[in-house]
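Okay, structure first, notes after.
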Amino acid sequence: MAWELAVTDLADGSGARVSIGAGSGAEFNIERAEVSASSVASWAVVNDDPLSGSGDVTVAGLGYYRWRIVDANTSAVLAPVVPGYLFQTATAEGDSVYERCLTMLRDRIEGLGLTTKEGTELPIVIRQAGDNNQANLSYPCILLGFLDQAESDAGGNNQNYDLAYPVLAQVVERTQWHADANRARYLQWREKIHVRTNLQRWDFRVPEVWKVECKPGAVVSAPESKDRLDYREGLLAFQCVARHRKNTE
């Protein structure tokens, strides 16, 4: 009997279920390697003691991982390794390309080291409706969301289709919208984000995406109401183009 390995995201914050069909009676270990933005980490054993026989094991921890099972004595790989461009996730609510696009953009912008005038790190927050809900927000910040946005057809062929996932970045400072205060820093944030994201090499954790475009919106938006007079807001629009195979889940 050949060894078999299947990993299921429990999608509830508890981790992943690893299902094993055992071959010839070797004791084995479950190993996983975390997939990061640009690399795959070293393999690490996730069980305390060697296992034996078929069955299911719940492995705690959330993230993007490759998985395999190896002989506990010889470290020989018993089940096929997931190809390097694929992985199985362990999430809190479920996996989607769209959610991963939001995460990857947040991580990419956080990696720029943008700071406020006080020298503190500029918060990058995922919030689907921007700052329409201001709970737990501190300003200045960059909000990644998709209120009033929609996925769009981006072409394809007889086997695949491309879908563009829009993400809107809202750059918000709590300063009067017409003031010149901190203008140079504000413009520097926009420039760094655009240069670092537009048509750049993308992320191992979202292999479906083959192109990201950063399209500048208003540098400073005129306030739409009196409630916004004390805010300076600008926009950047992202299109994350992902390739999907037709007639698959």
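Residue numbering restarts at 1 in every chain; chains get A, B, ... in the order shown in the structure tokens, and ligands count up from 1 in that same order.
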Could you name the residues that touch A:Asp227 at 12 Å or less, counting only C-alpha atoms, but leaving out those on the same chain fewer than 4 positions away, as a compact mmCIF listing (two decimals) with C-alpha atoms, in the first residue's frame?
# COMPACT_ATOMS: atom_id res chain seq x y z
CA ASN A 132 -16.32 54.07 7.90
CA ARG A 174 -5.96 63.44 11.09
CA GLN A 176 -7.04 69.50 8.09
CA TRP A 177 -7.44 68.40 4.50
CA ALA A 222 -11.73 66.96 -1.26
CA PRO A 223 -13.93 66.22 1.78
CA TYR A 231 -8.90 64.53 7.71
CA ARG A 232 -6.48 64.43 4.80
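All residues of protein, DNA or RNA that reach within 10 Å of A:Val241, judged by only C-alpha atoms and not counting those fewer than 2 positions away in the chain, are A:Cys101, A:Glu151, A:Ser152, A:Asp153, A:Ala154, A:Gly155, A:Asp162, A:Leu163, A:Ala164, A:Tyr165, A:Pro166, A:Glu208, A:Val209, A:Trp210, A:Lys211, A:Val212, A:Glu213, A:Phe238, A:Gln239, A:Arg243, A:His244.
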Checklist line | DSSP-assigned strand (DSSP E) members of stretch 179-228 of chain A, reported as a PyMOL selection string | finding: chain A and resi 209-216
Check: So which residues of stretch 4-237 of chain A fall under alpha helix (DSSP H) by DSSP, listed as a list in words?
Finding: Val97, Tyr98, Glu99, Arg100, Cys101, Leu102, Thr103, Met104, Leu105, Arg106, Asp107, Arg108, Ile109, Glu110, Arg183, Ala184, Arg185, Tyr186, Leu187, Gln188, Trp189, Arg190, Glu191, Lys192, Ile193, His194, Val195, Arg196 and Thr197 of chain A
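The two atoms in question, atom CA of A:Phe28 and atom CA of A:Gly94, are spaced 28.5 Å apart.
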Can you tell me which residues surround stretch 40-48 of chain A at a distance of at most 9 Å, considering only C-alpha atoms, apart from same-chain residues fewer than 4 positions away, and format the answer as a PDB file with C-alpha atoms, in the first residue's frame?
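So around_19.pdb came out as:
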ATOM      1  CA  ASN A  29       6.769  12.055  11.638  1.00  0.00           C
ATOM      2  CA  ILE A  30       4.657  14.849  10.187  1.00  0.00           C
ATOM      3  CA  GLU A  31       6.708  17.772   8.931  1.00  0.00           C
ATOM      4  CA  ARG A  32       5.676  21.165   7.660  1.00  0.00           C
ATOM      5  CA  ALA A  33       7.570  24.110   6.155  1.00  0.00           C
ATOM      6  CA  GLU A  34       6.193  27.634   6.350  1.00  0.00           C
ATOM      7  CA  VAL A  35       5.757  29.480   3.063  1.00  0.00           C
ATOM      8  CA  SER A  36       6.735  33.147   3.357  1.00  0.00           C
ATOM      9  CA  VAL A  57      -3.922  14.251  13.446  1.00  0.00           C
ATOM     10  CA  VAL A  59      -1.853  20.188  14.052  1.00  0.00           C
ATOM     11  CA  ALA A  60      -2.182  23.606  15.712  1.00  0.00           C
ATOM     12  CA  TYR A  65       2.558  25.566   4.880  1.00  0.00           C
ATOM     13  CA  ARG A  66       3.897  22.731   2.776  1.00  0.00           C
ATOM     14  CA  TRP A  67       3.432  19.324   4.391  1.00  0.00           C
ATOM     15  CA  ARG A  68       4.997  15.861   4.198  1.00  0.00           C
ATOM     16  CA  GLY A  84       7.002  24.080  -4.363  1.00  0.00           C
ATOM     17  CA  PHE A 204       4.952  32.740  -2.873  1.00  0.00           C
TER      18      PHE A 204
END
Note to self: I'd like the contact shell of A:Gly145 - 12 Å cut-off, only C-alpha atoms, skipping same-chain residues fewer than 6 positions apart - returned as a PyMOL selection string.
What the structure shows: chain A and resi 98-99+101-103+105-106+124-133+165-171+235-238
Export of prior selection with C-alpha atoms as a JSON list (two decimals), in the first residue's frame:
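Final output, again-v4.json:
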[["chain", "number", "residue", "atom", "x", "y", "z"],
["A", 98, "TYR", "CA", -8.84, 37.60, -2.31],
["A", 99, "GLU", "CA", -8.04, 37.33, 1.40],
["A", 101, "CYS", "CA", -4.18, 39.43, -1.71],
["A", 102, "LEU", "CA", -5.16, 41.67, 1.20],
["A", 103, "THR", "CA", -2.66, 39.96, 3.48],
["A", 105, "LEU", "CA", -0.40, 43.82, 0.23],
["A", 106, "ARG", "CA", -0.44, 44.58, 3.94],
["A", 124, "ILE", "CA", -1.44, 49.16, 7.88],
["A", 125, "VAL", "CA", -4.93, 47.85, 8.60],
["A", 126, "ILE", "CA", -7.21, 45.54, 6.63],
["A", 127, "ARG", "CA", -10.77, 46.78, 6.98],
["A", 128, "GLN", "CA", -13.23, 46.10, 4.21],
["A", 129, "ALA", "CA", -15.08, 49.43, 4.54],
["A", 130, "GLY", "CA", -12.08, 51.67, 5.16],
["A", 131, "ASP", "CA", -12.53, 54.03, 8.09],
["A", 132, "ASN", "CA", -16.32, 54.07, 7.90],
["A", 133, "ASN", "CA", -15.93, 52.13, 11.14],
["A", 165, "TYR", "CA", -9.22, 41.41, -7.42],
["A", 166, "PRO", "CA", -9.43, 45.11, -6.49],
["A", 167, "VAL", "CA", -8.01, 46.48, -3.26],
["A", 168, "LEU", "CA", -8.36, 50.14, -2.32],
["A", 169, "ALA", "CA", -5.69, 51.73, -0.12],
["A", 170, "GLN", "CA", -6.94, 54.72, 1.83],
["A", 171, "VAL", "CA", -4.14, 56.88, 3.24],
["A", 235, "LEU", "CA", -6.18, 56.83, -2.53],
["A", 236, "LEU", "CA", -4.21, 54.11, -4.29],
["A", 237, "ALA", "CA", -6.03, 51.35, -6.19],
["A", 238, "PHE", "CA", -4.57, 47.87, -6.66]]
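For the choices A:Ser54, A:Val172, A:Asn158, A:Thr197, the atom-to-atom distance to A:Leu137 is smallest for A:Val172 when using only C-alpha atoms.
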Check: Suppose you want the space between atom CA of A:Leu144 and atom CA of A:Gly15; what is it in Å?
Finding: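 Between these atoms lies a distance of 25.8 Å.
When atom CA of A:Asn73 is paired with atom CA of A:Gly55, their separation reads 19.9 Å.
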Next item on the list: Please provide as a ChimeraX atom specification all residues within 12 Å of A:Trp3, with the sequence filter that same-chain residues fewer than 3 positions apart are discarded (counting only C-alpha atoms).
Entry: /A:6,19-26,28,52-55,68-71,77-81
Just to be explicit: take each residue in the selection above, keep N, CA, C and O atoms, and write the result as a PDB file, in the first residue's frame.
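Done, and the output landed in result01.pdb:
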ATOM      1  N   ALA A   6      -3.106  13.806   3.129  1.00  0.00           N
ATOM      2  CA  ALA A   6      -4.059  14.867   2.782  1.00  0.00           C
ATOM      3  C   ALA A   6      -4.128  15.839   3.951  1.00  0.00           C
ATOM      4  O   ALA A   6      -4.113  15.428   5.114  1.00  0.00           O
ATOM      5  N   SER A  19      -4.435  13.947   7.417  1.00  0.00           N
ATOM      6  CA  SER A  19      -4.952  12.583   7.256  1.00  0.00           C
ATOM      7  C   SER A  19      -3.890  11.722   6.587  1.00  0.00           C
ATOM      8  O   SER A  19      -3.358  12.084   5.535  1.00  0.00           O
ATOM      9  N   ILE A  20      -3.606  10.588   7.202  1.00  0.00           N
ATOM     10  CA  ILE A  20      -2.509   9.738   6.744  1.00  0.00           C
ATOM     11  C   ILE A  20      -3.026   8.340   6.440  1.00  0.00           C
ATOM     12  O   ILE A  20      -3.737   7.732   7.245  1.00  0.00           O
ATOM     13  N   GLY A  21      -2.694   7.882   5.255  1.00  0.00           N
ATOM     14  CA  GLY A  21      -2.903   6.483   4.891  1.00  0.00           C
ATOM     15  C   GLY A  21      -1.558   5.789   4.937  1.00  0.00           C
ATOM     16  O   GLY A  21      -0.676   6.082   4.126  1.00  0.00           O
ATOM     17  N   ALA A  22      -1.359   4.921   5.932  1.00  0.00           N
ATOM     18  CA  ALA A  22      -0.037   4.340   6.167  1.00  0.00           C
ATOM     19  C   ALA A  22       0.273   3.231   5.177  1.00  0.00           C
ATOM     20  O   ALA A  22      -0.587   2.414   4.828  1.00  0.00           O
ATOM     21  N   GLY A  23       1.508   3.200   4.739  1.00  0.00           N
ATOM     22  CA  GLY A  23       2.010   2.111   3.915  1.00  0.00           C
ATOM     23  C   GLY A  23       2.619   1.036   4.799  1.00  0.00           C
ATOM     24  O   GLY A  23       2.090   0.717   5.868  1.00  0.00           O
ATOM     25  N   SER A  24       3.760   0.499   4.394  1.00  0.00           N
ATOM     26  CA  SER A  24       4.419  -0.535   5.198  1.00  0.00           C
ATOM     27  C   SER A  24       4.805   0.056   6.539  1.00  0.00           C
ATOM     28  O   SER A  24       5.251   1.190   6.635  1.00  0.00           O
ATOM     29  N   GLY A  25       4.695  -0.698   7.617  1.00  0.00           N
ATOM     30  CA  GLY A  25       4.596  -0.267   9.003  1.00  0.00           C
ATOM     31  C   GLY A  25       5.683   0.574   9.619  1.00  0.00           C
ATOM     32  O   GLY A  25       5.991   0.319  10.766  1.00  0.00           O
ATOM     33  N   ALA A  26       6.258   1.520   8.960  1.00  0.00           N
ATOM     34  CA  ALA A  26       7.279   2.358   9.567  1.00  0.00           C
ATOM     35  C   ALA A  26       6.645   3.388  10.489  1.00  0.00           C
ATOM     36  O   ALA A  26       5.538   3.867  10.253  1.00  0.00           O
ATOM     37  N   PHE A  28       6.542   7.165  11.741  1.00  0.00           N
ATOM     38  CA  PHE A  28       6.738   8.341  10.898  1.00  0.00           C
ATOM     39  C   PHE A  28       6.534   9.617  11.692  1.00  0.00           C
ATOM     40  O   PHE A  28       5.961   9.613  12.790  1.00  0.00           O
ATOM     41  N   SER A  52       2.383   6.030  14.156  1.00  0.00           N
ATOM     42  CA  SER A  52       2.289   4.816  13.352  1.00  0.00           C
ATOM     43  C   SER A  52       0.841   4.579  12.972  1.00  0.00           C
ATOM     44  O   SER A  52      -0.080   5.020  13.666  1.00  0.00           O
ATOM     45  N   GLY A  53       0.629   3.895  11.848  1.00  0.00           N
ATOM     46  CA  GLY A  53      -0.712   3.563  11.414  1.00  0.00           C
ATOM     47  C   GLY A  53      -1.439   4.706  10.746  1.00  0.00           C
ATOM     48  O   GLY A  53      -0.998   5.856  10.749  1.00  0.00           O
ATOM     49  N   SER A  54      -2.587   4.381  10.149  1.00  0.00           N
ATOM     50  CA  SER A  54      -3.409   5.377   9.461  1.00  0.00           C
ATOM     51  C   SER A  54      -4.243   6.170  10.466  1.00  0.00           C
ATOM     52  O   SER A  54      -4.500   5.705  11.576  1.00  0.00           O
ATOM     53  N   GLY A  55      -4.675   7.340  10.066  1.00  0.00           N
ATOM     54  CA  GLY A  55      -5.547   8.136  10.917  1.00  0.00           C
ATOM     55  C   GLY A  55      -5.380   9.614  10.692  1.00  0.00           C
ATOM     56  O   GLY A  55      -4.664  10.057   9.788  1.00  0.00           O
ATOM     57  N   ARG A  68       4.557  17.174   4.637  1.00  0.00           N
ATOM     58  CA  ARG A  68       4.997  15.861   4.198  1.00  0.00           C
ATOM     59  C   ARG A  68       5.076  14.940   5.417  1.00  0.00           C
ATOM     60  O   ARG A  68       5.022  15.394   6.570  1.00  0.00           O
ATOM     61  N   ILE A  69       5.193  13.638   5.167  1.00  0.00           N
ATOM     62  CA  ILE A  69       5.474  12.684   6.232  1.00  0.00           C
ATOM     63  C   ILE A  69       6.773  11.962   5.884  1.00  0.00           C
ATOM     64  O   ILE A  69       7.053  11.672   4.720  1.00  0.00           O
ATOM     65  N   VAL A  70       7.578  11.734   6.925  1.00  0.00           N
ATOM     66  CA  VAL A  70       8.896  11.126   6.737  1.00  0.00           C
ATOM     67  C   VAL A  70       9.077   9.975   7.703  1.00  0.00           C
ATOM     68  O   VAL A  70       8.465   9.928   8.784  1.00  0.00           O
ATOM     69  N   ASP A  71       9.896   9.021   7.329  1.00  0.00           N
ATOM     70  CA  ASP A  71      10.259   7.899   8.193  1.00  0.00           C
ATOM     71  C   ASP A  71      10.950   8.454   9.443  1.00  0.00           C
ATOM     72  O   ASP A  71      11.887   9.250   9.355  1.00  0.00           O
ATOM     73  N   VAL A  77      11.398  10.505   2.794  1.00  0.00           N
ATOM     74  CA  VAL A  77      10.055  11.030   2.538  1.00  0.00           C
ATOM     75  C   VAL A  77       9.141   9.883   2.144  1.00  0.00           C
ATOM     76  O   VAL A  77       9.415   9.146   1.189  1.00  0.00           O
ATOM     77  N   LEU A  78       8.031   9.729   2.871  1.00  0.00           N
ATOM     78  CA  LEU A  78       7.105   8.631   2.636  1.00  0.00           C
ATOM     79  C   LEU A  78       5.928   9.046   1.752  1.00  0.00           C
ATOM     80  O   LEU A  78       5.382   8.226   1.031  1.00  0.00           O
ATOM     81  N   ALA A  79       5.514  10.297   1.856  1.00  0.00           N
ATOM     82  CA  ALA A  79       4.409  10.788   1.037  1.00  0.00           C
ATOM     83  C   ALA A  79       4.936  11.889   0.133  1.00  0.00           C
ATOM     84  O   ALA A  79       5.843  12.638   0.518  1.00  0.00           O
ATOM     85  N   PRO A  80       4.403  12.006  -1.069  1.00  0.00           N
ATOM     86  CA  PRO A  80       4.898  13.025  -2.010  1.00  0.00           C
ATOM     87  C   PRO A  80       4.832  14.413  -1.404  1.00  0.00           C
ATOM     88  O   PRO A  80       3.879  14.773  -0.726  1.00  0.00           O
ATOM     89  N   VAL A  81       5.867  15.182  -1.658  1.00  0.00           N
ATOM     90  CA  VAL A  81       5.903  16.562  -1.224  1.00  0.00           C
ATOM     91  C   VAL A  81       5.016  17.391  -2.139  1.00  0.00           C
ATOM     92  O   VAL A  81       5.033  17.215  -3.360  1.00  0.00           O
TER      93      VAL A  81
END
